[in-house]
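File shown: model.cif. Contents: mmCIF, C-alpha atoms and all ligand atoms.
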```
data_upload
loop_
_atom_site.label_atom_id
_atom_site.label_comp_id
_atom_site.auth_asym_id
_atom_site.auth_seq_id
_atom_site.Cartn_x
_atom_site.Cartn_y
_atom_site.Cartn_z
CA MET A 1363 145.05 55.78 170.05
CA GLY A 1364 146.49 52.76 168.19
CA GLY A 1365 149.35 52.83 165.65
CA VAL A 1366 147.04 53.03 162.63
CA GLY A 1367 145.06 55.89 164.26
CA THR A 1368 148.26 57.83 164.89
CA VAL A 1369 149.36 57.36 161.28
CA VAL A 1370 145.96 58.59 160.02
CA VAL A 1371 146.14 61.70 162.23
CA VAL A 1372 149.69 62.46 161.07
CA VAL A 1373 148.68 62.06 157.38
CA LEU A 1374 145.61 64.28 157.88
CA LEU A 1375 147.71 66.95 159.60
CA ALA A 1376 150.33 66.83 156.85
CA THR A 1377 147.57 67.16 154.22
CA ALA A 1378 146.03 70.11 156.06
CA ILE A 1379 149.40 71.83 156.36
CA SER A 1380 150.18 71.37 152.65
CA ALA A 1381 146.67 72.57 151.74
CA PHE A 1382 147.52 75.87 153.45
CA ALA A 1383 151.03 76.10 152.02
CA ASN A 1384 149.91 78.83 149.57
CA ASP A 1385 147.63 81.85 149.85
CA PRO A 1386 144.28 80.70 151.30
CA ASP A 1387 141.46 80.13 148.81
CA MET A 1388 138.77 82.80 148.43
CA LEU A 1389 135.31 82.53 150.00
CA GLN A 1390 133.53 84.77 147.47
CA ASP A 1391 133.86 85.66 143.75
CA VAL A 1392 135.78 88.86 144.32
CA CYS A 1393 137.14 90.73 147.31
CA VAL A 1394 138.69 93.89 145.91
CA ALA A 1395 141.19 95.21 148.45
CA ASP A 1396 140.21 98.33 150.35
CA HIS A 1397 143.69 99.79 150.84
CA THR A 1398 142.26 102.67 152.88
CA SER A 1399 140.89 100.41 155.62
CA GLU A 1400 142.75 100.25 158.91
CA ILE A 1401 141.25 96.85 159.74
CA LEU A 1402 143.95 94.16 159.86
CA VAL A 1403 143.07 90.79 158.30
CA ASN A 1404 145.10 88.11 156.52
CA GLY A 1405 145.17 89.98 153.20
CA PHE A 1406 142.98 93.11 152.89
CA PRO A 1407 139.31 93.77 153.70
CA CYS A 1408 136.95 93.87 150.69
CA LYS A 1409 135.57 97.18 149.46
CA SER A 1410 131.86 97.46 148.76
CA MET A 1411 130.78 95.72 145.50
CA SER A 1412 128.99 98.92 144.49
CA ASN A 1413 132.38 100.65 144.24
CA VAL A 1414 134.11 97.87 142.27
CA THR A 1415 135.06 98.72 138.66
CA ALA A 1416 137.18 97.24 135.88
CA GLU A 1417 140.03 99.54 136.98
CA ASP A 1418 140.42 97.40 140.12
CA PHE A 1419 141.52 94.49 137.89
CA PHE A 1420 143.66 96.50 135.44
CA PHE A 1421 147.33 97.57 135.52
CA THR A 1422 149.67 99.18 132.99
CA GLY A 1423 152.72 99.35 135.26
CA ILE A 1424 154.66 96.56 133.56
CA SER A 1425 153.91 97.50 129.96
CA LYS A 1426 157.26 99.26 129.59
CA PRO A 1427 160.76 98.65 131.02
CA GLY A 1428 161.16 99.92 134.59
CA LYS A 1429 163.69 102.69 135.23
CA ILE A 1430 166.93 101.18 136.53
CA ASN A 1431 167.98 103.31 139.49
CA ASN A 1432 170.36 101.17 141.53
CA LEU A 1433 174.04 100.22 141.37
CA LEU A 1434 173.17 96.59 140.69
CA GLY A 1435 171.67 97.50 137.32
CA SER A 1436 168.22 95.95 137.69
CA LYS A 1437 164.67 97.07 138.42
CA VAL A 1438 161.79 94.92 139.73
CA THR A 1439 158.29 96.31 139.08
CA GLY A 1440 155.59 94.44 140.98
CA ALA A 1441 152.11 93.76 139.63
CA ASN A 1442 150.63 92.54 142.91
CA VAL A 1443 147.70 93.32 145.21
CA LYS A 1444 149.25 96.67 146.17
CA GLY A 1445 148.79 97.95 142.59
CA ILE A 1446 145.93 95.68 141.49
CA PRO A 1447 143.38 95.63 144.35
CA GLY A 1448 141.26 93.04 142.50
CA LEU A 1449 143.99 90.44 143.14
CA ASN A 1450 143.03 90.33 146.83
CA THR A 1451 142.25 86.68 147.84
CA LEU A 1452 143.07 85.34 144.34
CA GLY A 1453 146.53 83.95 145.16
CA VAL A 1454 148.41 85.14 142.06
CA SER A 1455 150.55 88.12 141.01
CA MET A 1456 153.25 89.12 138.54
CA ALA A 1457 156.34 91.29 138.24
CA ARG A 1458 158.58 92.58 135.49
CA VAL A 1459 162.35 92.66 135.95
CA ASP A 1460 164.51 94.79 133.66
CA PHE A 1461 168.29 94.50 133.53
CA GLY A 1462 170.86 96.97 132.23
CA PRO A 1463 174.22 95.74 130.88
CA TYR A 1464 175.42 92.86 133.14
CA GLY A 1465 172.79 93.90 135.70
CA LEU A 1466 172.00 91.69 138.68
CA ASN A 1467 168.77 90.99 140.56
CA PRO A 1468 170.65 90.00 143.74
CA PRO A 1469 170.02 86.89 145.86
CA HIS A 1470 166.61 87.10 147.55
CA ILE A 1471 163.74 84.94 148.76
CA HIS A 1472 159.96 85.14 148.41
CA PRO A 1473 158.53 83.87 151.72
CA ARG A 1474 155.05 83.33 150.29
CA ALA A 1475 155.46 82.17 146.67
CA THR A 1476 157.04 80.03 144.02
CA GLU A 1477 158.17 82.16 141.06
CA ILE A 1478 158.15 81.28 137.36
CA ILE A 1479 159.84 83.61 134.86
CA PHE A 1480 159.49 84.04 131.09
CA VAL A 1481 162.39 85.81 129.34
CA LEU A 1482 161.02 88.58 127.10
CA GLU A 1483 164.39 89.58 125.65
CA GLY A 1484 168.09 89.00 126.29
CA GLU A 1485 170.04 86.32 128.13
CA LEU A 1486 170.41 85.56 131.83
CA TYR A 1487 172.33 83.36 134.23
CA VAL A 1488 169.82 82.27 136.89
CA GLY A 1489 170.01 80.03 139.92
CA PHE A 1490 168.64 78.94 143.28
CA ILE A 1491 170.02 77.10 146.31
CA THR A 1492 168.12 74.33 148.10
CA THR A 1493 168.02 73.99 151.89
CA SER A 1494 170.56 71.16 151.56
CA ASN A 1495 172.88 73.65 149.80
CA LYS A 1496 172.58 72.28 146.27
CA PHE A 1497 173.05 75.06 143.72
CA ILE A 1498 170.85 74.73 140.61
CA SER A 1499 171.73 77.18 137.82
CA LYS A 1500 171.26 77.69 134.09
CA PHE A 1501 171.82 80.12 131.22
CA ILE A 1502 168.44 81.05 129.73
CA LYS A 1503 167.34 83.28 126.85
CA ALA A 1504 164.32 84.96 125.23
CA GLY A 1505 161.27 82.70 125.08
CA GLU A 1506 162.51 80.38 127.82
CA VAL A 1507 161.03 79.73 131.25
CA PHE A 1508 162.67 78.99 134.63
CA VAL A 1509 161.20 78.22 138.06
CA PHE A 1510 162.37 79.30 141.53
CA PRO A 1511 160.75 77.18 144.28
CA LYS A 1512 159.01 78.95 147.15
CA GLY A 1513 161.23 80.29 149.90
CA LEU A 1514 164.57 79.38 148.26
CA ALA A 1515 167.39 81.89 147.69
CA HIS A 1516 167.65 82.84 143.99
CA PHE A 1517 169.09 85.46 141.63
CA GLN A 1518 169.13 86.49 137.97
CA LYS A 1519 172.09 88.07 136.18
CA ASN A 1520 172.23 89.62 132.74
CA THR A 1521 175.14 87.95 130.93
CA SER A 1522 175.49 90.57 128.20
CA LYS A 1523 175.51 94.29 127.41
CA LYS A 1524 172.01 93.94 125.89
CA GLN A 1525 168.84 95.17 127.56
CA THR A 1526 167.21 92.11 129.16
CA SER A 1527 163.70 91.72 130.60
CA VAL A 1528 161.64 88.99 132.21
CA ILE A 1529 158.03 88.61 133.26
CA ALA A 1530 157.61 86.76 136.57
CA ALA A 1531 154.47 85.09 137.92
CA PHE A 1532 153.88 84.11 141.56
CA ASN A 1533 151.35 81.89 143.34
CA SER A 1534 150.63 84.60 145.92
CA GLN A 1535 148.83 87.94 145.72
CA PHE A 1536 151.79 89.43 147.61
CA PRO A 1537 154.89 87.18 147.47
CA GLY A 1538 157.16 89.46 149.52
CA ALA A 1539 160.88 89.69 148.77
CA GLN A 1540 163.83 89.76 151.10
CA GLN A 1541 167.28 90.64 149.72
CA PHE A 1542 168.93 88.96 152.66
CA VAL A 1543 172.55 89.97 151.87
CA ALA A 1544 171.61 93.64 152.08
CA SER A 1545 169.07 93.06 154.89
CA LEU A 1546 171.80 91.79 157.22
CA PHE A 1547 173.64 95.09 156.91
CA THR A 1548 170.82 97.60 156.39
CA SER A 1549 168.09 96.60 158.88
CA THR A 1550 166.57 99.01 161.41
CA PRO A 1551 167.72 98.78 164.12
CA PRO A 1552 171.02 97.33 162.88
CA VAL A 1553 172.16 93.74 163.46
CA PRO A 1554 175.25 94.17 165.72
CA ASN A 1555 178.63 94.01 163.91
CA LEU A 1556 179.65 91.36 166.44
CA VAL A 1557 176.98 89.00 165.09
CA LEU A 1558 177.78 89.79 161.44
CA ALA A 1559 181.55 89.47 161.90
CA GLN A 1560 181.25 86.12 163.68
CA SER A 1561 178.74 84.81 161.11
CA LEU A 1562 180.90 85.77 158.14
CA ASN A 1563 184.29 85.05 159.75
CA ILE A 1564 185.47 88.63 159.21
CA ASP A 1565 186.61 91.26 161.70
CA LEU A 1566 184.51 94.10 163.13
CA HIS A 1567 186.09 96.74 160.86
CA GLU A 1568 185.31 94.68 157.76
CA ALA A 1569 181.69 94.29 158.94
CA GLU A 1570 181.44 98.05 159.44
CA ALA A 1571 183.02 98.71 156.02
CA ILE A 1572 180.41 96.48 154.31
CA ARG A 1573 177.63 98.23 156.22
CA VAL A 1574 178.86 101.66 155.12
CA GLY A 1575 179.16 100.44 151.51
CA LEU A 1576 175.58 99.17 151.48
CA ASN A 1577 173.88 102.10 153.25
C1 LIG A 1601 162.60 88.07 140.41
O1 LIG A 1601 163.27 87.20 140.94
C2 LIG A 1601 161.55 88.73 141.10
O2 LIG A 1601 161.42 88.41 142.26
O3 LIG A 1601 160.82 89.54 140.51
MN MN A 1602 162.44 86.46 142.74
#
```

Go ahead and express the file in the form of structure tokens.
Amino acid sequence: MGGVGTVVVVVLLATAISAFANDPDMLQDVCVADHTSEILVNGFPCKSMSNVTAEDFFFTGISKPGKINNLLGSKVTGANVKGIPGLNTLGVSMARVDFGPYGLNPPHIHPRATEIIFVLEGELYVGFITTSNKFISKFIKAGEVFVFPKGLAHFQKNTSKKQTSVIAAFNSQFPGAQQFVASLFTSTPPVPNLVLAQSLNIDLHEAEAIRVGLN
């Protein structure tokens, strides 16, 4: 193949890859998830149209603040395909995050989605880090919007004593979330202390102390 042919193939491949960079597009109007099925597909199998009702597309779970039950002082409530079966194959979802005084939604990534947040009430310090280690951060308040690009580490921190809440939207029916700081120390089976200590330039006892603190 000549030079021009190679360039065309590379451009076509790049286009195809970017076309599949988000949830795949649907092949029918609706495909309400059958969460009882044991069949494994990319997403969930569709339940019979005769059993589909408005309830499959309805959710009240983010109408009120979520109960904050962790030491970090924040609570994420998902509104994704797990709770709204009608979202299956549609490539979108939401979440609500509530923060107590100075609460933190700790650094995490969404492997399958970009996130956009709208601040319902309160004030936050938010940020993300690019793969070239540039830190982008901002103080935001009620009525304002901020975006966290797909796959990049990000966090949100309440900067005041006031109750603070955001609504988040994602371009995936199931964005996934990995709180990687905690994951390193709380996985099953555990990542060996040797690996953690060497990675963080700390000694084995310090690695074990962090593990105990997080478990
Ligand atoms: C906030 O970052 C969220 O993932 O809900
Ligand atoms: Mn997030």

Practice task
Name the closest residue to Phe1501 (chain A) among the candidates A:Leu1486, A:Met1456, A:Ile1479, A:Ala1441; distances are taken between atoms, counting only C-alpha atoms.
Solution key: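 Smallest distance to Phe1501 (chain A) is found for A:Leu1486.
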
Practice task
Please identify all polymer residues lying at most 9 Å from the point (176.6, 91.5, 126.4) (file coordinates), using all atoms listed in the file, and present the result as a VMD selection string.
Solution key: chain A and resid 1463 to 1464 1484 to 1485 1520 to 1525

Exercise for the section: Can you work out the spacing between CA of Arg1458 (chain A) and CA of Arg1573 (chain A) in Å, to one decimal? Expected result: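 We find that CA of Arg1458 (chain A) and CA of Arg1573 (chain A) lie 28.7 Å from each other.
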
Practice task
Residues within 10 Å of ligand MN 1602 (chain A), counting all atoms listed in the file: report them as a PyMOL selection string.
Solution key: chain A and resi 1438+1457+1459+1467-1472+1475-1479+1490+1509-1518+1530-1532+1537-1541

Handout entry: Atomic distance CA of Ala1559 (chain A) - CA of Ser1499 (chain A), expressed in Å with one decimal
Key = 28.8 Å

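Here the question is which of A:Ile1424, A:Leu1389, A:Ala1395, A:Ala1569 gets nearest to ligand LIG 1601 (chain A) using all atoms listed in the file, and that residue is A:Ile1424.
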
Handout entry: Distance in Å - CA of Asp1460 (chain A) versus CA of Ile1430 (chain A)
Key =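 Computed distance, CA of Asp1460 (chain A) to CA of Ile1430 (chain A), equals 7.4 Å.
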
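The residue that comes closest to ligand LIG 1601 (chain A), out of A:Met1411, A:Val1574, A:Val1488, A:Leu1556 and on the basis of only C-alpha atoms and all ligand atoms, is A:Val1488.
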